[in-house]
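Data first, discussion second: the structure below is written as structure tokens.
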Amino acid sequence: MTTALFTHSACLYHETPPGHPESSDRLRAVLHALEAEDFQYLARQQARAATEEEIARVHPGFYISAVMRAVPERGYASLDPDTHVSPGSGEAALRAAGALVEAVDLVMSGGAKNAFCAVRPPGHHAEPTKAMGFCLFNNVAIGALHARQHHRLKRLAVVDFDVHHGNGTQVMFAEDENLFFASSHQMPLYPGTGRPQEQGRAHNIMNVPLDPGSGGTEFRLAWEGKVLPALDAFRPEFIFISAGFDAHRRDPLANLNLTEADYTWATEKVCGVAKVRCNSRVVSTLEGGYDLNALASSAAAHVKALMAA
């Protein structure tokens, strides 16, 4: 089986104000990198729009309506000081969430061994009733709860190597012992959550903060010593990856020093757990990454590792 790539051109039309780091050029850079010959065997898929019912497993209806009403006919509207919408943002957000839903369905059907969703806006900061950190809907949580509702899976895991803590995913998972969330992230840094003592209702949350200046050695020790053993012990039936590439040494928004080799290593390790625990079921989705060259090369390394798994 092959690796699937889910994306949609609508995700390019979620425009942010000039100079905003979460620009459509991010997705263009990733998609351009994935046009290389190494990726000719990707199963390329057009993401459909998520339905309100699918999003409502994570976000209440009044919040979904509020986000869609905030989308302006022209110009920009702000949902918080960092998070903005423009005329194309509504469809982009629906397609980003829908990519995760479709990726789950394809992997569960045996049509692909795993999948990468090259979409934006990103999602892991979005809380049930709050847009924040460039995120409107929590795409990875929507995918996870679709796997539960539609495919009757019980134990679902998200691992997150974005440099910023995935506070939204943690909030949604913390009270459910059958949902697992693990994150490595720089601390101190936005959004200020993700301390080790934040462990969830049933120790189903694993946070491993990294000091500014940490590099591949510290990152790999954190994952080898804490994240991966906890993931394996959880015995997941499906694993999701919040794949942010802003812990790269060239990223302008943070101060970690990872390289493409570290993302390859982490992807291989997660896929190794998936092979043992859940028939290799993995769906990954793009989160952060704001140096365009580093983002493109890191995403390419990540997808190459998915293809080789």
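So you can find residues: chains in the structure tokens are A, B, ... in the order shown, residues in each start at 1, and ligands are numbered from 1 in order.
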* Contacts of region 204-207 of chain A at 8 Å or less, counting only C-alpha atoms, minus same-chain residues fewer than 2 places along, as a list of chain:residue names? ->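 Residues near the query, excluding close chain neighbours: A:Gln170, A:Phe173, A:Ala174, A:Asp176, A:Glu177, A:Asn178, A:Leu179, A:Phe180, A:Phe181, A:Ala182, A:Ser183, A:Ser184, A:Gly194, A:Arg195, A:Pro196, A:Gln197, A:Glu198, A:Gln199, A:Gly200, A:Arg201, A:Ala202, A:Pro209, A:Lys226, A:Val227, A:Ala230, A:Phe234.
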Mind writing the picked residues with N, CA and C atoms as a CSV table (one decimal), in the first residue's frame?
chain,number,residue,atom,x,y,z
A,170,GLN,N,-5.0,19.1,23.7
A,170,GLN,CA,-4.9,18.7,25.1
A,170,GLN,C,-6.3,18.9,25.8
A,173,PHE,N,-8.8,16.3,24.9
A,173,PHE,CA,-8.5,14.9,25.2
A,173,PHE,C,-8.4,14.7,26.7
A,174,ALA,N,-8.1,15.7,27.5
A,174,ALA,CA,-7.7,15.5,28.9
A,174,ALA,C,-8.7,14.7,29.8
A,176,ASP,N,-10.8,12.3,28.8
A,176,ASP,CA,-11.3,11.1,28.2
A,176,ASP,C,-10.1,10.1,28.3
A,177,GLU,N,-10.2,9.1,29.1
A,177,GLU,CA,-9.1,8.1,29.3
A,177,GLU,C,-8.8,7.3,28.1
A,178,ASN,N,-9.6,7.3,27.1
A,178,ASN,CA,-9.4,6.5,25.9
A,178,ASN,C,-8.8,7.4,24.7
A,179,LEU,N,-8.5,8.6,25.1
A,179,LEU,CA,-7.8,9.5,24.1
A,179,LEU,C,-6.4,9.9,24.7
A,180,PHE,N,-5.4,9.8,23.9
A,180,PHE,CA,-4.0,10.0,24.4
A,180,PHE,C,-3.4,11.2,23.6
A,181,PHE,N,-2.7,12.1,24.3
A,181,PHE,CA,-2.0,13.2,23.7
A,181,PHE,C,-0.7,13.3,24.3
A,182,ALA,N,0.4,13.4,23.4
A,182,ALA,CA,1.7,13.6,23.8
A,182,ALA,C,2.4,14.7,23.0
A,183,SER,N,3.1,15.6,23.7
A,183,SER,CA,3.7,16.7,23.0
A,183,SER,C,5.1,17.0,23.5
A,184,SER,N,6.0,17.2,22.6
A,184,SER,CA,7.3,17.9,23.0
A,184,SER,C,7.2,19.3,22.4
A,194,GLY,N,1.4,23.1,28.8
A,194,GLY,CA,2.2,22.0,28.4
A,194,GLY,C,3.3,21.6,29.5
A,195,ARG,N,3.0,21.9,30.7
A,195,ARG,CA,3.9,21.5,31.8
A,195,ARG,C,3.8,20.0,32.1
A,196,PRO,N,4.8,19.4,32.6
A,196,PRO,CA,4.8,17.9,32.8
A,196,PRO,C,3.7,17.5,33.7
A,197,GLN,N,3.3,18.3,34.7
A,197,GLN,CA,2.3,18.0,35.6
A,197,GLN,C,0.9,18.0,35.0
A,198,GLU,N,0.7,18.5,33.8
A,198,GLU,CA,-0.6,18.4,33.1
A,198,GLU,C,-0.7,17.0,32.5
A,199,GLN,N,-1.4,16.1,33.2
A,199,GLN,CA,-1.3,14.7,32.9
A,199,GLN,C,-2.7,14.1,32.5
A,200,GLY,N,-3.7,14.9,32.5
A,200,GLY,CA,-5.0,14.4,32.1
A,200,GLY,C,-5.7,13.6,33.2
A,201,ARG,N,-6.9,13.2,32.9
A,201,ARG,CA,-7.7,12.5,33.9
A,201,ARG,C,-7.1,11.1,34.3
A,202,ALA,N,-6.6,10.4,33.3
A,202,ALA,CA,-6.1,9.1,33.6
A,202,ALA,C,-4.6,9.0,33.1
A,209,PRO,N,8.4,19.3,28.0
A,209,PRO,CA,9.0,20.6,27.6
A,209,PRO,C,10.5,20.5,27.3
A,226,LYS,N,10.3,9.1,27.0
A,226,LYS,CA,9.0,9.4,27.5
A,226,LYS,C,7.8,9.3,26.5
A,227,VAL,N,7.9,10.0,25.4
A,227,VAL,CA,6.8,10.0,24.5
A,227,VAL,C,6.5,8.6,23.9
A,230,ALA,N,5.2,5.9,26.4
A,230,ALA,CA,3.8,6.2,26.8
A,230,ALA,C,2.8,5.9,25.7
A,234,PHE,N,-0.1,2.9,25.8
A,234,PHE,CA,-1.5,3.3,25.7
A,234,PHE,C,-2.2,2.3,24.8
* If you count only C-alpha atoms, which residues fall within 7 Å of region 110-123 of chain A, apart from same-chain ones fewer than 5 positions away, as a ChimeraX atom specification? -> /A:1-7,11,27,92-93,96,99-100,103,134-140,280-287,303,306
* To do: Compare A:Glu237, A:Glu224, A:Glu91, A:Asp211 by their minimum atom-to-atom distance to Leu153 (chain A), counting only C-alpha atoms, and give me the closest one.
  =>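 Among A:Glu237, A:Glu224, A:Glu91, A:Asp211, it is A:Glu237 that comes nearest to Leu153 (chain A).
Nearest to Leu210 (chain A) of all the residues A:His248, A:Ala233, A:Gly166, A:Leu256 is A:Leu256, based on only C-alpha atoms.
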* Asked: Quick one: of A:Glu102, A:Asp160, A:Asp80, A:Glu218, who's nearest to Lys130 (chain A), counting only C-alpha atoms?
  ->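 Smallest separation from Lys130 (chain A) among the options: A:Asp80.
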* Structure fact -> Judged by only C-alpha atoms, the minimum distance to Leu292 (chain A) among A:Asp82, A:Glu268, A:Asp246, A:Glu260 is found for A:Asp246
* Which neighbours of region 213-215 of chain A fall inside 7 Å, counting only C-alpha atoms, when residues of the same chain fewer than 5 positions from it are skipped, and could you give them as a ChimeraX atom specification? -> /A:255-258
* Atomic separation - CA of Ala10 (chain A) relative to CA of Arg74 (chain A), Å ->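 Between CA of Arg74 (chain A) and CA of Ala10 (chain A) the gap works out to 16.1 Å.
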* To do: Within 10 Å of Ala300 (chain A), counting only C-alpha atoms, which residues show up once you throw out same-chain ones fewer than 2 positions away? Write them as a list of chain:residue names, please.
  =>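 That gives A:Val30, A:Leu31, A:His32, A:Ala33, A:Leu34, A:Glu35, A:Ala36, A:Asp38, A:Phe39, A:Glu260, A:Tyr263, A:Thr264, A:Ala294, A:Leu295, A:Ala296, A:Ser297, A:Ser298, A:His302, A:Val303, A:Lys304, A:Ala305, A:Leu306.
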* Using backbone DSSP assignments, extract all strand (DSSP E) residues from region 42-239 of chain A; output them as a ChimeraX atom specification. => /A:43-46,77-80,83-85,114-117,156-160,179-186,205-210,238-239
Grab the residues selected above and save them as a compact mmCIF listing (two decimals), in the first residue's frame with N, CA and C atoms.
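The result, written out as out25.txt:
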# COMPACT_ATOMS: atom_id res chain seq x y z
N ALA A 43 -0.32 8.78 -3.39
CA ALA A 43 -1.71 8.74 -3.86
C ALA A 43 -2.33 10.10 -3.55
N ARG A 44 -2.41 10.95 -4.56
CA ARG A 44 -2.82 12.34 -4.36
C ARG A 44 -4.34 12.45 -4.36
N GLN A 45 -4.86 13.06 -3.29
CA GLN A 45 -6.31 13.14 -3.07
C GLN A 45 -6.74 14.58 -2.84
N GLN A 46 -7.91 14.93 -3.38
CA GLN A 46 -8.51 16.24 -3.13
C GLN A 46 -9.38 16.14 -1.88
N ALA A 77 -10.81 39.82 8.92
CA ALA A 77 -11.44 39.95 10.23
C ALA A 77 -10.57 39.19 11.22
N SER A 78 -10.52 39.66 12.47
CA SER A 78 -9.65 39.06 13.47
C SER A 78 -10.47 38.34 14.53
N LEU A 79 -10.11 37.09 14.81
CA LEU A 79 -10.75 36.31 15.86
C LEU A 79 -9.98 36.40 17.17
N ASP A 80 -8.69 36.67 17.08
CA ASP A 80 -7.88 37.06 18.23
C ASP A 80 -6.69 37.82 17.64
N THR A 83 -5.01 35.57 15.01
CA THR A 83 -5.80 34.65 14.19
C THR A 83 -6.81 35.43 13.36
N HIS A 84 -6.67 35.34 12.05
CA HIS A 84 -7.44 36.18 11.14
C HIS A 84 -8.14 35.33 10.09
N VAL A 85 -9.23 35.89 9.55
CA VAL A 85 -9.95 35.23 8.46
C VAL A 85 -10.16 36.23 7.34
N ASN A 114 -0.92 4.87 5.13
CA ASN A 114 -0.91 6.04 6.00
C ASN A 114 -1.15 7.26 5.13
N ALA A 115 -1.21 8.45 5.73
CA ALA A 115 -1.55 9.64 4.96
C ALA A 115 -0.96 10.88 5.60
N PHE A 116 -0.68 11.87 4.74
CA PHE A 116 -0.26 13.19 5.18
C PHE A 116 -1.23 14.21 4.62
N CYS A 117 -1.73 15.09 5.49
CA CYS A 117 -2.68 16.13 5.10
C CYS A 117 -1.94 17.47 5.03
N LEU A 156 -7.49 6.19 20.78
CA LEU A 156 -6.95 7.05 19.72
C LEU A 156 -5.87 7.95 20.30
N ALA A 157 -4.78 8.09 19.57
CA ALA A 157 -3.62 8.82 20.07
C ALA A 157 -3.21 9.91 19.11
N VAL A 158 -2.79 11.06 19.66
CA VAL A 158 -2.18 12.15 18.90
C VAL A 158 -0.82 12.43 19.51
N VAL A 159 0.21 12.44 18.67
CA VAL A 159 1.53 12.90 19.10
C VAL A 159 1.86 14.17 18.31
N ASP A 160 2.54 15.09 18.97
CA ASP A 160 2.68 16.46 18.44
C ASP A 160 4.12 16.91 18.65
N LEU A 179 -8.48 8.65 25.05
CA LEU A 179 -7.78 9.53 24.12
C LEU A 179 -6.42 9.87 24.74
N PHE A 180 -5.38 9.81 23.94
CA PHE A 180 -4.02 10.04 24.40
C PHE A 180 -3.41 11.19 23.61
N PHE A 181 -2.72 12.09 24.33
CA PHE A 181 -2.04 13.20 23.68
C PHE A 181 -0.66 13.33 24.27
N ALA A 182 0.36 13.39 23.40
CA ALA A 182 1.74 13.61 23.85
C ALA A 182 2.35 14.71 23.02
N SER A 183 3.09 15.59 23.67
CA SER A 183 3.69 16.73 23.00
C SER A 183 5.08 17.00 23.54
N SER A 184 6.03 17.23 22.62
CA SER A 184 7.28 17.89 22.98
C SER A 184 7.22 19.29 22.41
N HIS A 185 7.74 20.26 23.15
CA HIS A 185 7.59 21.66 22.74
C HIS A 185 8.57 22.51 23.54
N GLN A 186 8.91 23.65 22.98
CA GLN A 186 9.76 24.59 23.71
C GLN A 186 8.97 25.22 24.85
N ILE A 205 -2.22 12.21 29.22
CA ILE A 205 -1.52 13.36 28.62
C ILE A 205 -0.05 13.27 29.00
N MET A 206 0.83 13.42 28.02
CA MET A 206 2.26 13.40 28.26
C MET A 206 2.88 14.65 27.66
N ASN A 207 3.37 15.54 28.51
CA ASN A 207 4.03 16.76 28.07
C ASN A 207 5.51 16.70 28.41
N VAL A 208 6.35 17.00 27.42
CA VAL A 208 7.80 16.98 27.61
C VAL A 208 8.36 18.31 27.12
N PRO A 209 8.42 19.32 27.98
CA PRO A 209 8.98 20.62 27.57
C PRO A 209 10.47 20.51 27.29
N LEU A 210 10.92 21.31 26.32
CA LEU A 210 12.33 21.40 25.96
C LEU A 210 12.81 22.83 26.18
N PHE A 238 -5.24 3.75 16.53
CA PHE A 238 -4.95 4.64 15.41
C PHE A 238 -4.09 5.76 15.98
N ILE A 239 -3.06 6.18 15.22
CA ILE A 239 -2.17 7.24 15.68
C ILE A 239 -2.23 8.41 14.70
* To do: Write out as a VMD selection string the residues lying within 6 Å of Gly98 (chain A), counting only C-alpha atoms and excluding same-chain residues fewer than 5 positions away.
  => chain A and resid 48 to 50
Saved selection, atoms kept: C-alpha atoms, as a PDB file, in the first residue's frame:
ATOM      1  CA  ARG A  48     -13.595  17.278   0.671  1.00  0.00           C
ATOM      2  CA  ALA A  49     -15.229  19.757   2.998  1.00  0.00           C
ATOM      3  CA  ALA A  50     -16.041  18.463   6.455  1.00  0.00           C
TER       4      ALA A  50
END
* Can you work out which one of A:Arg250, A:Glu15, A:Lys275, A:His150 has the shortest atom-to-atom distance to Met108 (chain A), counting only C-alpha atoms? =>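 When distances to Met108 (chain A) are compared using only C-alpha atoms, the smallest one comes from A:His150.
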* Would you mind reading off the distance between CA of Pro21 (chain A) and CA of Gly288 (chain A), one decimal, in Å? =>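 It comes out at 9.6 Å.
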Compile the contact shell of Glu53 (chain A) as a PDB file with C-alpha atoms, in the first residue's frame: residues with an atom at most 12 Å away, counting only C-alpha atoms, same-chain residues fewer than 2 positions apart removed.
ATOM      1  CA  ALA A  49     -15.229  19.757   2.998  1.00  0.00           C
ATOM      2  CA  ALA A  50     -16.041  18.463   6.455  1.00  0.00           C
ATOM      3  CA  THR A  51     -19.693  18.508   7.414  1.00  0.00           C
ATOM      4  CA  ILE A  55     -16.806  19.239  13.132  1.00  0.00           C
ATOM      5  CA  ALA A  56     -19.442  19.282  15.893  1.00  0.00           C
ATOM      6  CA  ARG A  57     -17.908  16.194  17.472  1.00  0.00           C
ATOM      7  CA  VAL A  58     -15.203  18.614  18.645  1.00  0.00           C
ATOM      8  CA  HIS A  59     -16.667  22.134  18.422  1.00  0.00           C
ATOM      9  CA  PRO A  60     -20.235  23.071  19.457  1.00  0.00           C
ATOM     10  CA  GLY A  61     -22.573  24.327  16.762  1.00  0.00           C
ATOM     11  CA  ILE A  64     -18.872  26.689  14.194  1.00  0.00           C
ATOM     12  CA  LEU A  94     -13.739  23.034   6.090  1.00  0.00           C
ATOM     13  CA  ALA A  97     -10.860  19.368   8.627  1.00  0.00           C
ATOM     14  CA  GLY A  98     -12.325  17.256   5.837  1.00  0.00           C
ATOM     15  CA  VAL A 101     -11.812  12.751   7.968  1.00  0.00           C
ATOM     16  CA  ILE A 142     -11.869  16.093  14.304  1.00  0.00           C
ATOM     17  CA  LEU A 145     -13.281  11.618  16.846  1.00  0.00           C
ATOM     18  CA  HIS A 146     -14.365  10.625  13.333  1.00  0.00           C
ATOM     19  CA  GLN A 149     -17.697   7.626  15.751  1.00  0.00           C
ATOM     20  CA  HIS A 150     -17.594   6.251  12.214  1.00  0.00           C
TER      21      HIS A 150
END
* Asked: Nearest to Phe62 (chain A): which of A:Tyr190, A:Phe161, A:Thr129, A:Ser109 is it, counting only C-alpha atoms?
  ->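 Among the listed residues, A:Thr129 lies closest to Phe62 (chain A).
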Need the shell around Tyr13 (chain A): protein/DNA/RNA residues with any atom at most 9 Å away, counting only C-alpha atoms. Skip same-chain ones fewer than 6 positions apart. Format as a PDB file with N, CA and C atoms, in the first residue's frame?
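What landed in part-v4.pdb:
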ATOM      1  N   SER A  24      -0.130  31.695   2.872  1.00  0.00           N
ATOM      2  CA  SER A  24      -0.362  30.636   1.893  1.00  0.00           C
ATOM      3  C   SER A  24       0.929  30.149   1.258  1.00  0.00           C
ATOM      4  N   SER A  86     -10.280  35.675   6.139  1.00  0.00           N
ATOM      5  CA  SER A  86     -10.495  36.442   4.913  1.00  0.00           C
ATOM      6  C   SER A  86     -11.552  35.704   4.098  1.00  0.00           C
ATOM      7  N   PRO A  87     -11.942  36.214   2.931  1.00  0.00           N
ATOM      8  CA  PRO A  87     -13.071  35.598   2.214  1.00  0.00           C
ATOM      9  C   PRO A  87     -12.923  34.108   1.925  1.00  0.00           C
ATOM     10  N   GLY A  88     -11.716  33.608   1.754  1.00  0.00           N
ATOM     11  CA  GLY A  88     -11.538  32.185   1.464  1.00  0.00           C
ATOM     12  C   GLY A  88     -11.352  31.305   2.677  1.00  0.00           C
ATOM     13  N   SER A  89     -11.403  31.881   3.866  1.00  0.00           N
ATOM     14  CA  SER A  89     -11.044  31.116   5.067  1.00  0.00           C
ATOM     15  C   SER A  89     -12.061  30.050   5.433  1.00  0.00           C
ATOM     16  N   GLU A  91     -14.062  28.073   3.498  1.00  0.00           N
ATOM     17  CA  GLU A  91     -13.890  26.834   2.744  1.00  0.00           C
ATOM     18  C   GLU A  91     -12.556  26.180   3.079  1.00  0.00           C
ATOM     19  N   ALA A  92     -11.506  26.980   3.260  1.00  0.00           N
ATOM     20  CA  ALA A  92     -10.210  26.407   3.612  1.00  0.00           C
ATOM     21  C   ALA A  92     -10.297  25.615   4.914  1.00  0.00           C
TER      22      ALA A  92
END
